[in-house]
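Okay, so here's the structure we're looking at.
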Amino acid sequence: MHIPDGFLSAPVWVAAGAMSVAAVAVSAGRLGKTMEEKQVPLMGVTAAFIFAAQMVNFPIAAGTSGHLGGGVLAALLLGPWAGTLVMTAVLVVQALLFQDGGITALGANVLNMGVLGCLLGFVVYRLLHRLLAGTRGALASAFVTAWLMVVLSSSLAAIQIALSGTIPLRLVLPAMAGVHALIGIGEGLITTAALAFLLRVRKDLVHPQCRPFVRRPAEQAA
């Protein structure tokens, strides 16, 4: 899903970059008010895991492959603000050191894979988990959210490419969304497996607002 250089026009990548900078600035400001010391090593471990996992591709179909995006997983462990900063750091390192995604398209990639996955993904997960209580509800919410964020992120990338005049929307949107609907299944399975493992062995490493809860009798009756 990383957009390389040359696919986005200047107005598009400048606008996407400005939105990413604003989101990262807000995230840094909010995190600075709430961050605890124990979050720092967890952010480092999460960044390292996502960075390594993104390097592993799994085959999909017709020669295509996918890899973990990681935005939803980062949000589940760290919360939306720290997750956004971790994803931004991962994407910046990938672009600068491994040429995975273009330099001019970095803002768009951060917006698509980091900001959308962490901020919107956190909100979607919380909404779903309010409907699906318990551990099974948390895992189901994680799978659906991870899948949805992959499809939405790829669709946003397709729109950016189309707005740049590179490929018509009628061609790029179905192609991107279709392939990433399959990739999203892998994303959902990896995210769910990681969450299930942590809930079983180190529940404290999951963000407090993302842990399973049991409905009170009054809520069940309502």
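Just so we're on the same page: first chain in the structure tokens is A, next is B, and so on; residues restart at 1 for each chain, and ligands are numbered from 1 in the order they show up.
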
Would you kindly return, as a list in words, each protein, DNA or RNA residue with an atom no farther than 12 Å from any atom of A:Ala175, considering only C-alpha atoms and excluding same-chain residues fewer than 4 positions away? Met1, Thr64, Val151, Ser154, Ser155, Ala157, Ala158, Ile159, Ile167, Pro168, Leu169, Arg170, Leu171, Val179, His180, Ala181 and Leu182 of chain A

Using backbone DSSP assignments, extract all helix (DSSP H, G or I) residues from stretch 28-198 of chain A; output them as a VMD selection string. chain A and resid 28 to 34 39 to 54 71 to 78 80 to 98 106 to 131 134 to 163 169 to 198

Could the residues in this selection be written to a file with C-alpha atoms, as a short mmCIF file (atom, residue, chain, number, x, y, z; two decimals), in the first residue's frame?
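Result went into selection23.cif, see below:
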```
data_model
loop_
_atom_site.label_atom_id
_atom_site.label_comp_id
_atom_site.auth_asym_id
_atom_site.auth_seq_id
_atom_site.Cartn_x
_atom_site.Cartn_y
_atom_site.Cartn_z
CA ALA A 28 2.27 14.42 20.23
CA GLY A 29 0.51 17.15 22.20
CA ARG A 30 -2.14 14.82 23.58
CA LEU A 31 0.38 12.10 24.39
CA GLY A 32 2.60 14.56 26.21
CA LYS A 33 -0.21 15.21 28.68
CA THR A 34 -1.10 11.57 29.35
CA GLN A 39 4.64 3.41 27.84
CA VAL A 40 8.06 4.30 26.43
CA PRO A 41 9.50 0.75 26.24
CA LEU A 42 6.15 -0.59 24.99
CA MET A 43 6.18 1.98 22.18
CA GLY A 44 9.68 0.86 21.22
CA VAL A 45 8.79 -2.83 21.24
CA THR A 46 5.60 -2.20 19.26
CA ALA A 47 7.45 -0.14 16.67
CA ALA A 48 10.09 -2.85 16.29
CA PHE A 49 7.46 -5.58 15.91
CA ILE A 50 5.44 -3.67 13.31
CA PHE A 51 8.58 -2.70 11.41
CA ALA A 52 9.75 -6.31 11.27
CA ALA A 53 6.28 -7.67 10.48
CA GLN A 54 5.84 -5.25 7.58
CA GLY A 71 -2.10 0.69 12.63
CA VAL A 72 -4.98 -0.97 14.45
CA LEU A 73 -2.65 -3.19 16.46
CA ALA A 74 -0.63 -0.15 17.53
CA ALA A 75 -3.81 1.63 18.62
CA LEU A 76 -5.02 -1.41 20.59
CA LEU A 77 -1.77 -1.59 22.53
CA LEU A 78 -0.79 2.05 22.86
CA PRO A 80 -4.57 6.36 19.28
CA TRP A 81 -2.02 9.10 20.06
CA ALA A 82 1.02 6.93 20.81
CA GLY A 83 -0.01 4.54 18.04
CA THR A 84 0.01 7.36 15.49
CA LEU A 85 3.52 8.44 16.52
CA VAL A 86 4.82 4.86 16.39
CA MET A 87 3.35 4.26 12.93
CA THR A 88 4.78 7.57 11.71
CA ALA A 89 8.25 6.60 12.94
CA VAL A 90 8.02 3.19 11.25
CA LEU A 91 6.91 4.67 7.93
CA VAL A 92 9.58 7.39 8.02
CA VAL A 93 12.37 4.84 8.61
CA GLN A 94 11.02 2.59 5.86
CA ALA A 95 10.93 5.47 3.37
CA LEU A 96 14.34 6.91 4.24
CA LEU A 97 16.36 3.72 4.71
CA PHE A 98 14.58 1.08 2.64
CA LEU A 106 5.51 10.06 2.78
CA GLY A 107 2.79 12.34 4.08
CA ALA A 108 0.15 10.41 2.15
CA ASN A 109 1.48 7.07 3.40
CA VAL A 110 1.46 8.31 6.98
CA LEU A 111 -2.08 9.58 6.51
CA ASN A 112 -3.32 6.37 4.90
CA MET A 113 -1.56 3.78 7.04
CA GLY A 114 -0.80 5.57 10.28
CA VAL A 115 -3.33 8.29 10.99
CA LEU A 116 -6.34 6.50 9.52
CA GLY A 117 -5.40 3.13 11.00
CA CYS A 118 -4.72 4.45 14.51
CA LEU A 119 -7.15 7.32 15.00
CA LEU A 120 -10.15 6.11 13.05
CA GLY A 121 -9.35 2.48 13.82
CA PHE A 122 -9.41 3.20 17.57
CA VAL A 123 -12.83 4.84 17.29
CA VAL A 124 -14.27 2.04 15.14
CA TYR A 125 -12.94 -0.63 17.51
CA ARG A 126 -14.42 1.11 20.53
CA LEU A 127 -17.81 1.43 18.85
CA LEU A 128 -17.86 -2.22 17.82
CA HIS A 129 -16.66 -3.39 21.21
CA ARG A 130 -19.51 -1.53 22.90
CA LEU A 131 -21.84 -3.79 20.95
CA GLY A 134 -16.37 -9.89 26.46
CA THR A 135 -13.15 -11.37 25.13
CA ARG A 136 -14.81 -12.83 22.05
CA GLY A 137 -16.36 -9.45 21.34
CA ALA A 138 -12.98 -7.76 21.65
CA LEU A 139 -11.38 -10.22 19.25
CA ALA A 140 -14.23 -9.96 16.74
CA SER A 141 -14.09 -6.17 16.94
CA ALA A 142 -10.33 -6.25 16.36
CA PHE A 143 -10.67 -8.46 13.28
CA VAL A 144 -13.42 -6.36 11.68
CA THR A 145 -11.64 -3.09 12.47
CA ALA A 146 -8.29 -4.28 11.09
CA TRP A 147 -9.94 -5.54 7.90
CA LEU A 148 -11.96 -2.36 7.44
CA MET A 149 -8.99 -0.06 7.97
CA VAL A 150 -6.98 -1.89 5.30
CA VAL A 151 -9.80 -1.48 2.79
CA LEU A 152 -10.36 2.18 3.70
CA SER A 153 -6.64 2.96 3.62
CA SER A 154 -6.22 1.40 0.19
CA SER A 155 -9.31 3.21 -1.06
CA LEU A 156 -7.93 6.53 0.19
CA ALA A 157 -4.64 5.81 -1.59
CA ALA A 158 -6.59 5.04 -4.77
CA ILE A 159 -8.46 8.34 -4.50
CA GLN A 160 -5.19 10.22 -4.04
CA ILE A 161 -3.71 8.55 -7.11
CA ALA A 162 -6.83 9.32 -9.14
CA LEU A 163 -6.89 12.97 -8.01
CA LEU A 169 -10.59 6.24 -10.34
CA ARG A 170 -12.79 3.68 -12.11
CA LEU A 171 -9.68 1.53 -12.61
CA VAL A 172 -7.56 2.13 -9.54
CA LEU A 173 -10.27 2.02 -6.86
CA PRO A 174 -11.69 -1.44 -7.64
CA ALA A 175 -8.19 -2.82 -8.14
CA MET A 176 -6.83 -1.45 -4.87
CA ALA A 177 -9.91 -2.14 -2.76
CA GLY A 178 -10.37 -5.62 -4.23
CA VAL A 179 -6.84 -6.82 -3.55
CA HIS A 180 -6.73 -5.21 -0.11
CA ALA A 181 -10.04 -6.79 0.85
CA LEU A 182 -8.08 -10.05 0.70
CA ILE A 183 -5.00 -8.57 2.36
CA GLY A 184 -7.28 -7.25 5.11
CA ILE A 185 -8.16 -10.82 6.07
CA GLY A 186 -4.50 -11.48 6.83
CA GLU A 187 -4.28 -8.18 8.69
CA GLY A 188 -7.33 -9.10 10.74
CA LEU A 189 -6.02 -12.55 11.60
CA ILE A 190 -2.60 -11.26 12.69
CA THR A 191 -4.11 -8.43 14.73
CA THR A 192 -6.60 -10.76 16.38
CA ALA A 193 -3.96 -13.39 17.14
CA ALA A 194 -1.66 -10.80 18.72
CA LEU A 195 -4.50 -9.35 20.80
CA ALA A 196 -5.66 -12.82 21.92
CA PHE A 197 -2.12 -13.75 22.98
CA LEU A 198 -1.63 -10.57 25.00
#
```

Tell me which of A:Ala10, A:Thr166, A:Val201, A:Met35 sits closest to A:Ala105, counting only C-alpha atoms. A:Ala10

Residues flagged strand (DSSP E) by DSSP in stretch 16-94 of chain A, as a ChimeraX atom specification: /A:58-59,65-66

With C-alpha atoms retained, could you export that selection as an mmCIF file, in the first residue's frame?
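Wrote it out as out_37.cif, contents follow:
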```cif
data_model
loop_
_atom_site.group_PDB
_atom_site.id
_atom_site.type_symbol
_atom_site.label_atom_id
_atom_site.label_comp_id
_atom_site.auth_asym_id
_atom_site.auth_seq_id
_atom_site.Cartn_x
_atom_site.Cartn_y
_atom_site.Cartn_z
ATOM 1 C CA PHE A 58 2.339 -13.230 2.402
ATOM 2 C CA PRO A 59 0.969 -14.308 -1.005
ATOM 3 C CA SER A 65 1.165 -10.159 -1.813
ATOM 4 C CA GLY A 66 0.351 -8.317 1.365
#
```

What does the distance from atom CA of A:Ile3 to atom CA of A:Gly101 come to in Å, to one decimal?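 Atom-to-atom, atom CA of A:Ile3 and atom CA of A:Gly101 are spaced 5.1 Å apart.
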
Between atom CA of A:Gly165 and atom CA of A:Val12, what distance in Å does the model show, to one decimal?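 Between atom CA of A:Gly165 and atom CA of A:Val12 the gap is 10.2 Å.
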
Distance in Å - atom CA of A:Gly70 versus atom CA of A:Leu199: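 Atom CA of A:Leu199 lies 17.5 Å from atom CA of A:Gly70.
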
With only C-alpha atoms as the atoms that count, which of A:Ile103, A:Lys38, A:Leu205, A:Cys210 lies nearest to A:Gly17?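 Among A:Ile103, A:Lys38, A:Leu205, A:Cys210, it is A:Ile103 that comes nearest to A:Gly17.
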
Which is closer to A:Ala15 than all the others in A:His2, A:Ala133, A:Arg211, A:Ser164, using only C-alpha atoms?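 Of A:His2, A:Ala133, A:Arg211, A:Ser164, the one nearest A:Ala15, counting only C-alpha atoms, is A:Ser164.
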